[in-house]
$ cat target18.csv   # CSV, C-alpha atoms
chain,number,residue,atom,x,y,z
A,1,MET,CA,105.1,114.5,157.3
A,2,ILE,CA,107.5,117.1,156.1
A,3,ASP,CA,107.5,118.6,159.6
A,4,LEU,CA,109.0,115.4,161.1
A,5,ILE,CA,111.8,115.4,158.5
A,6,ALA,CA,112.5,119.0,159.3
A,7,GLN,CA,112.6,118.2,163.0
A,8,ILE,CA,115.1,115.4,162.4
A,9,ARG,CA,117.3,117.6,160.3
A,10,ALA,CA,117.3,120.2,163.1
A,11,ALA,CA,118.0,117.6,165.8
A,12,LEU,CA,121.1,116.5,163.9
A,13,VAL,CA,122.6,120.0,163.4
A,14,ASP,CA,124.2,120.2,166.9
A,15,GLY,CA,127.2,117.9,167.2
A,16,GLY,CA,127.1,117.4,171.0
A,17,ASP,CA,128.6,114.5,172.9
A,18,GLY,CA,128.8,111.0,171.6
A,19,SER,CA,127.4,107.9,173.3
A,20,SER,CA,128.9,104.7,174.5
A,21,ASP,CA,128.0,101.1,175.4
A,22,PHE,CA,129.3,102.1,178.9
A,23,ASP,CA,127.0,105.1,179.5
A,24,LEU,CA,124.9,103.3,182.0
A,25,ASN,CA,127.9,101.7,183.7
A,26,PRO,CA,130.3,104.3,185.0
A,27,GLU,CA,132.1,101.8,187.1
A,28,PHE,CA,133.6,100.3,183.9
A,29,THR,CA,136.8,102.0,183.0
A,30,GLN,CA,138.3,101.9,179.5
A,31,PRO,CA,142.0,101.1,179.1
A,32,ASP,CA,144.2,104.1,178.3
A,33,GLY,CA,145.6,104.3,174.8
A,34,ARG,CA,142.8,102.2,173.2
A,35,VAL,CA,142.4,102.6,169.5
A,36,LEU,CA,138.9,102.6,168.1
A,37,ARG,CA,138.2,101.4,164.6
A,38,PRO,CA,136.0,103.8,162.5
A,39,ALA,CA,132.7,102.4,161.4
A,40,SER,CA,129.2,103.7,160.5
A,41,VAL,CA,125.7,102.5,160.2
A,42,LEU,CA,122.7,103.8,158.2
A,43,ALA,CA,119.4,104.4,159.9
A,44,PRO,CA,117.1,104.3,156.9
A,45,ILE,CA,113.7,105.9,157.1
A,46,ILE,CA,111.0,104.9,154.7
A,47,VAL,CA,107.4,106.1,154.2
A,48,ARG,CA,104.7,103.5,153.7
A,49,GLY,CA,101.0,104.3,153.8
A,50,GLY,CA,101.7,107.8,155.2
A,51,THR,CA,103.7,106.4,158.1
A,52,TYR,CA,107.4,106.7,158.7
A,53,TYR,CA,109.3,103.5,159.4
A,54,LEU,CA,112.8,102.6,160.3
A,55,ILE,CA,114.4,99.7,158.5
A,56,LEU,CA,116.4,97.3,160.7
A,57,THR,CA,118.0,94.0,160.3
A,58,LYS,CA,118.3,90.8,162.3
A,59,ARG,CA,121.8,89.4,162.1
A,60,SER,CA,122.3,85.8,161.0
A,61,SER,CA,122.5,83.4,163.9
A,62,ALA,CA,125.5,81.8,162.1
A,63,LEU,CA,127.7,84.9,162.6
A,64,LYS,CA,130.6,84.8,165.0
A,65,HIS,CA,129.9,88.3,166.5
A,66,HIS,CA,126.5,89.4,167.7
A,67,PRO,CA,124.5,86.5,166.1
A,68,GLY,CA,120.8,87.0,166.0
A,69,GLN,CA,120.9,90.6,167.3
A,70,ILE,CA,119.0,93.5,165.8
A,71,ALA,CA,121.2,96.0,164.0
A,72,PHE,CA,121.3,98.9,161.5
A,73,PRO,CA,122.9,98.1,158.2
A,74,GLY,CA,126.6,99.1,158.6
A,75,GLY,CA,130.1,98.1,159.3
A,76,LYS,CA,133.7,99.2,159.4
A,77,GLN,CA,135.1,101.8,157.1
A,78,ASP,CA,137.1,100.5,154.2
A,79,ASP,CA,140.1,102.2,152.7
A,80,THR,CA,138.1,102.8,149.5
A,81,ASP,CA,135.3,104.6,151.2
A,82,ALA,CA,135.4,108.4,150.7
A,83,ASP,CA,134.1,109.0,154.2
A,84,LEU,CA,131.9,107.4,156.9
A,85,ILE,CA,128.7,108.4,155.1
A,86,ALA,CA,130.0,106.5,152.1
A,87,THR,CA,130.7,103.5,154.4
A,88,ALA,CA,127.1,103.5,155.7
A,89,LEU,CA,125.6,103.8,152.2
A,90,ARG,CA,127.9,101.0,150.9
A,91,GLU,CA,127.0,98.7,153.7
A,92,ALA,CA,123.3,99.3,153.3
A,93,ARG,CA,123.6,98.5,149.6
A,94,GLU,CA,125.5,95.3,150.4
A,95,GLU,CA,123.4,94.1,153.4
A,96,ILE,CA,119.8,95.0,152.3
A,97,GLY,CA,120.1,96.0,148.6
A,98,LEU,CA,119.3,99.6,149.2
A,99,PRO,CA,120.6,101.7,146.2
A,100,SER,CA,122.7,104.6,147.5
A,101,ASP,CA,121.0,107.0,145.0
A,102,LEU,CA,117.7,106.4,146.8
A,103,VAL,CA,119.0,107.7,150.1
A,104,GLU,CA,118.7,111.4,151.0
A,105,VAL,CA,121.2,111.9,153.9
A,106,LEU,CA,119.5,114.0,156.6
A,107,GLY,CA,122.6,114.2,158.9
A,108,VAL,CA,124.6,112.2,161.4
A,109,LEU,CA,124.6,111.6,165.1
A,110,PRO,CA,127.7,112.0,167.2
A,111,PRO,CA,129.8,108.8,167.2
A,112,HIS,CA,129.0,105.8,169.5
A,113,GLU,CA,131.8,103.8,171.1
A,114,THR,CA,131.1,100.1,171.3
A,115,VAL,CA,132.5,97.5,173.8
A,116,THR,CA,134.0,95.7,170.7
A,117,GLY,CA,136.3,98.7,170.0
A,118,PHE,CA,134.5,100.6,167.2
A,119,LYS,CA,133.7,104.3,166.9
A,120,VAL,CA,130.4,104.1,165.0
A,121,THR,CA,128.9,107.1,163.3
A,122,PRO,CA,125.1,106.8,162.9
A,123,VAL,CA,124.0,108.2,159.5
A,124,ILE,CA,120.3,109.1,159.2
A,125,GLY,CA,118.8,108.9,155.8
A,126,LEU,CA,115.4,109.1,154.1
A,127,VAL,CA,114.7,106.5,151.5
A,128,THR,CA,113.1,108.4,148.6
A,129,ALA,CA,111.5,105.4,146.8
A,130,GLU,CA,110.5,101.8,147.3
A,131,PHE,CA,113.3,99.3,146.5
A,132,ASP,CA,113.6,95.5,146.3
A,133,ILE,CA,115.0,94.3,149.6
A,134,VAL,CA,117.7,91.7,149.1
A,135,ALA,CA,119.2,90.4,152.4
A,136,GLU,CA,122.9,89.5,152.2
A,137,PRO,CA,123.1,85.7,152.5
A,138,GLY,CA,125.0,84.6,155.6
A,139,GLU,CA,124.9,88.0,157.3
A,140,VAL,CA,121.3,89.2,157.4
A,141,GLU,CA,118.6,86.8,158.5
A,142,GLU,CA,115.7,89.2,158.2
A,143,VAL,CA,114.9,92.8,157.2
A,144,PHE,CA,112.0,94.4,159.0
A,145,PHE,CA,110.3,97.7,159.7
A,146,VAL,CA,109.6,99.5,163.0
A,147,PRO,CA,107.4,102.6,163.3
A,148,LEU,CA,109.7,105.6,163.6
A,149,SER,CA,107.4,107.0,166.3
A,150,HIS,CA,108.1,104.0,168.5
A,151,VAL,CA,111.9,104.3,168.5
A,152,LEU,CA,112.0,108.1,168.7
A,153,ASN,CA,109.7,108.1,171.8
A,154,VAL,CA,111.9,108.0,175.0
A,155,ASN,CA,109.0,106.4,176.8
A,156,SER,CA,109.5,103.3,174.6
A,157,PHE,CA,112.9,102.6,176.2
A,158,ALA,CA,113.7,100.6,179.3
A,159,VAL,CA,117.0,100.1,181.2
A,160,GLN,CA,117.7,96.4,181.6
A,161,SER,CA,120.7,94.4,182.7
A,162,ARG,CA,122.6,91.2,182.3
A,163,ARG,CA,125.9,89.7,183.4
A,164,TRP,CA,128.8,90.5,181.2
A,165,ARG,CA,132.4,89.5,181.9
A,166,GLY,CA,131.5,88.7,185.5
A,167,HIS,CA,129.7,91.9,186.2
A,168,ARG,CA,126.1,93.1,185.9
A,169,ARG,CA,125.9,95.6,183.0
A,170,ALA,CA,123.0,97.9,182.4
A,171,TYR,CA,121.8,98.8,178.8
A,172,PHE,CA,118.9,100.4,177.0
A,173,ALA,CA,116.3,98.2,175.3
A,174,VAL,CA,113.5,99.3,173.0
A,175,PRO,CA,111.5,96.1,172.2
A,176,PHE,CA,109.0,96.0,169.4
A,177,GLY,CA,106.8,93.0,168.9
A,178,PRO,CA,109.0,89.9,168.5
A,179,TYR,CA,112.1,92.1,168.1
A,180,TYR,CA,114.4,92.7,171.1
A,181,ILE,CA,116.3,95.8,170.2
A,182,TRP,CA,119.0,96.4,172.7
A,183,GLY,CA,122.7,97.2,173.2
A,184,ALA,CA,124.5,99.6,170.8
A,185,THR,CA,121.5,99.8,168.4
A,186,ALA,CA,119.1,100.8,171.2
A,187,ARG,CA,121.7,103.2,172.7
A,188,MET,CA,122.1,105.0,169.3
A,189,LEU,CA,118.4,105.2,168.9
A,190,ARG,CA,118.0,106.6,172.4
A,191,ALA,CA,120.6,109.3,171.6
A,192,TRP,CA,118.5,110.2,168.6
A,193,ALA,CA,115.3,110.2,170.5
A,194,ASP,CA,116.8,112.4,173.2
A,195,ARG,CA,117.4,115.1,170.6
A,196,MET,CA,113.9,115.1,169.2
A,197,PRO,CA,111.4,117.8,170.4
$ encode --input "target18.csv" --output "structure tokens"
Amino acid sequence: MIDLIAQIRAALVDGGDGSSDFDLNPEFTQPDGRVLRPASVLAPIIVRGGTYYLILTKRSSALKHHPGQIAFPGGKQDDTDADLIATALREAREEIGLPSDLVEVLGVLPPHETVTGFKVTPVIGLVTAEFDIVAEPGEVEEVFFVPLSHVLNVNSFAVQSRRWRGHRRAYFAVPFGPYYIWGATARMLRAWADRMP
């Protein structure tokens, strides 16, 4: 088990290129001078029964943006956040009740640019003890666990497509059971999986 954590740490050392919701759609051009808003997400790893799991959320179907989609805990950076790691930890505390002092930050992935105008930094963290999950009412419909081995295996991913703003847009998906993990969440996971040995 320690070997996997060491591999994750090593995979996060090299900065490298970031990712984008447009990676699979080179025909889409971004407007010049666009301003991206800083945000971050936490990819919390927890060990249960000797197996590593990733904690994910299903967004409330009542939300205006991305209702019902699978996401990491996270959001936009506040002025009071010391940095983007602090943003990710704060958002995880607010959204799923994860105490910040139970998270050992392993590193960060290069930023991901979303179609909604955010520059999202994925923060990878190891949850060092069990905690009482408390989903934020109105924002998080469900908190669930996916085996880390599933989302860090490039063979678990598929490229799918749907119509978006009048054009067919391709995207990564990494479904697990009843959970359809796609879009920015799947793209960030794929960027992480691509770095693993």
$ closest_atom_pairs --input "target18.csv" --of "segment 27-54 of chain A" --to "segment 89-111 of chain A" --cutoff "8 Å" --atoms "only C-alpha atoms" --output "tab-separated table"
residue	atom	partner	partner_atom	distance
A:Val41	CA	A:Glu91	CA	7.6
A:Leu42	CA	A:Leu89	CA	6.7
A:Pro44	CA	A:Val103	CA	7.8
$ closest_residue --input "target18.csv" --among "A:Ala88, A:Ala82, A:Pro147, A:Ile8" --to "Gly177 of chain A" --atoms "all atoms listed in the file"
A:Pro147
$ atom_distance --input "target18.csv" --atom1 "atom CA of Thr128 of chain A" --atom2 "atom CA of Ala6 of chain A"
15.1 Å
$ residues_around --input "target18.csv" --residues "Ile5 of chain A" --least-positions-apart "2" --cutoff "12 Å" --atoms "only C-alpha atoms" --output "PyMOL selection string"
chain A and resi 1-3+7-12+45-47+52+104-107+124-127+148+196
$ atom_distance --input "target18.csv" --atom1 "atom CA of Ala186 of chain A" --atom2 "atom CA of Ile55 of chain A"
13.6 Å
$ atom_distance --input "target18.csv" --atom1 "atom CA of Asp32 of chain A" --atom2 "atom CA of Asp17 of chain A"
19.5 Å
$ residues_around --input "target18.csv" --residues "segment 35-39 of chain A" --least-positions-apart "4" --cutoff "7 Å" --atoms "all atoms listed in the file" --output "PyMOL selection string"
chain A and resi 75-77+84+117-121
$ residues_around --input "target18.csv" --residues "Gln30 of chain A" --least-positions-apart "5" --cutoff "12 Å" --atoms "only C-alpha atoms" --output "list of chain:residue names"
A:Ser20, A:Asp21, A:Phe22, A:Asp23, A:Asn25, A:Val35, A:Leu36, A:Glu113, A:Thr114, A:Val115, A:Thr116, A:Gly117
$ build_atoms --input "target18.csv" --residues "segment 145-161 of chain A" --atoms "N, CA, C and O atoms" --output "PDB file, in the frame of the given file"
ATOM      1  N   PHE A 145     110.604  96.320 159.579  1.00  0.00           N
ATOM      2  CA  PHE A 145     110.300  97.700 159.700  1.00  0.00           C
ATOM      3  C   PHE A 145     109.678  97.981 161.109  1.00  0.00           C
ATOM      4  O   PHE A 145     108.842  97.213 161.578  1.00  0.00           O
ATOM      5  N   VAL A 146     110.105  99.074 161.724  1.00  0.00           N
ATOM      6  CA  VAL A 146     109.600  99.500 163.000  1.00  0.00           C
ATOM      7  C   VAL A 146     109.060 100.909 162.861  1.00  0.00           C
ATOM      8  O   VAL A 146     109.743 101.746 162.246  1.00  0.00           O
ATOM      9  N   PRO A 147     107.870 101.217 163.376  1.00  0.00           N
ATOM     10  CA  PRO A 147     107.400 102.600 163.300  1.00  0.00           C
ATOM     11  C   PRO A 147     108.407 103.560 163.893  1.00  0.00           C
ATOM     12  O   PRO A 147     108.878 103.353 165.020  1.00  0.00           O
ATOM     13  N   LEU A 148     108.761 104.596 163.153  1.00  0.00           N
ATOM     14  CA  LEU A 148     109.700 105.600 163.600  1.00  0.00           C
ATOM     15  C   LEU A 148     109.243 106.213 164.940  1.00  0.00           C
ATOM     16  O   LEU A 148     110.033 106.521 165.838  1.00  0.00           O
ATOM     17  N   SER A 149     107.935 106.388 165.055  1.00  0.00           N
ATOM     18  CA  SER A 149     107.400 107.000 166.300  1.00  0.00           C
ATOM     19  C   SER A 149     107.668 106.166 167.513  1.00  0.00           C
ATOM     20  O   SER A 149     107.763 106.705 168.615  1.00  0.00           O
ATOM     21  N   HIS A 150     107.844 104.863 167.343  1.00  0.00           N
ATOM     22  CA  HIS A 150     108.100 104.000 168.500  1.00  0.00           C
ATOM     23  C   HIS A 150     109.577 104.210 168.974  1.00  0.00           C
ATOM     24  O   HIS A 150     109.815 104.383 170.176  1.00  0.00           O
ATOM     25  N   VAL A 151     110.538 104.199 168.053  1.00  0.00           N
ATOM     26  CA  VAL A 151     111.900 104.300 168.500  1.00  0.00           C
ATOM     27  C   VAL A 151     112.403 105.708 168.745  1.00  0.00           C
ATOM     28  O   VAL A 151     113.490 105.904 169.303  1.00  0.00           O
ATOM     29  N   LEU A 152     111.598 106.702 168.382  1.00  0.00           N
ATOM     30  CA  LEU A 152     112.000 108.100 168.700  1.00  0.00           C
ATOM     31  C   LEU A 152     111.180 108.609 169.913  1.00  0.00           C
ATOM     32  O   LEU A 152     111.232 109.798 170.223  1.00  0.00           O
ATOM     33  N   ASN A 153     110.488 107.715 170.607  1.00  0.00           N
ATOM     34  CA  ASN A 153     109.700 108.100 171.800  1.00  0.00           C
ATOM     35  C   ASN A 153     110.542 107.560 173.019  1.00  0.00           C
ATOM     36  O   ASN A 153     110.685 106.348 173.200  1.00  0.00           O
ATOM     37  N   VAL A 154     111.053 108.465 173.845  1.00  0.00           N
ATOM     38  CA  VAL A 154     111.900 108.000 175.000  1.00  0.00           C
ATOM     39  C   VAL A 154     111.122 107.126 175.927  1.00  0.00           C
ATOM     40  O   VAL A 154     111.724 106.314 176.640  1.00  0.00           O
ATOM     41  N   ASN A 155     109.795 107.218 175.934  1.00  0.00           N
ATOM     42  CA  ASN A 155     109.000 106.400 176.800  1.00  0.00           C
ATOM     43  C   ASN A 155     108.950 104.904 176.355  1.00  0.00           C
ATOM     44  O   ASN A 155     108.476 104.034 177.083  1.00  0.00           O
ATOM     45  N   SER A 156     109.414 104.636 175.131  1.00  0.00           N
ATOM     46  CA  SER A 156     109.500 103.300 174.600  1.00  0.00           C
ATOM     47  C   SER A 156     110.665 102.499 175.171  1.00  0.00           C
ATOM     48  O   SER A 156     110.741 101.281 175.042  1.00  0.00           O
ATOM     49  N   PHE A 157     111.610 103.209 175.762  1.00  0.00           N
ATOM     50  CA  PHE A 157     112.900 102.600 176.200  1.00  0.00           C
ATOM     51  C   PHE A 157     112.810 102.169 177.656  1.00  0.00           C
ATOM     52  O   PHE A 157     112.132 102.781 178.477  1.00  0.00           O
ATOM     53  N   ALA A 158     113.531 101.106 177.941  1.00  0.00           N
ATOM     54  CA  ALA A 158     113.700 100.600 179.300  1.00  0.00           C
ATOM     55  C   ALA A 158     115.171 100.378 179.552  1.00  0.00           C
ATOM     56  O   ALA A 158     115.924 100.098 178.626  1.00  0.00           O
ATOM     57  N   VAL A 159     115.586 100.485 180.810  1.00  0.00           N
ATOM     58  CA  VAL A 159     117.000 100.100 181.200  1.00  0.00           C
ATOM     59  C   VAL A 159     116.879  98.700 181.750  1.00  0.00           C
ATOM     60  O   VAL A 159     116.128  98.440 182.695  1.00  0.00           O
ATOM     61  N   GLN A 160     117.634  97.799 181.155  1.00  0.00           N
ATOM     62  CA  GLN A 160     117.700  96.400 181.600  1.00  0.00           C
ATOM     63  C   GLN A 160     119.123  96.039 181.880  1.00  0.00           C
ATOM     64  O   GLN A 160     120.032  96.857 181.680  1.00  0.00           O
ATOM     65  N   SER A 161     119.355  94.828 182.345  1.00  0.00           N
ATOM     66  CA  SER A 161     120.700  94.400 182.700  1.00  0.00           C
ATOM     67  C   SER A 161     120.929  92.946 182.472  1.00  0.00           C
ATOM     68  O   SER A 161     119.971  92.171 182.478  1.00  0.00           O
TER      69      SER A 161
END
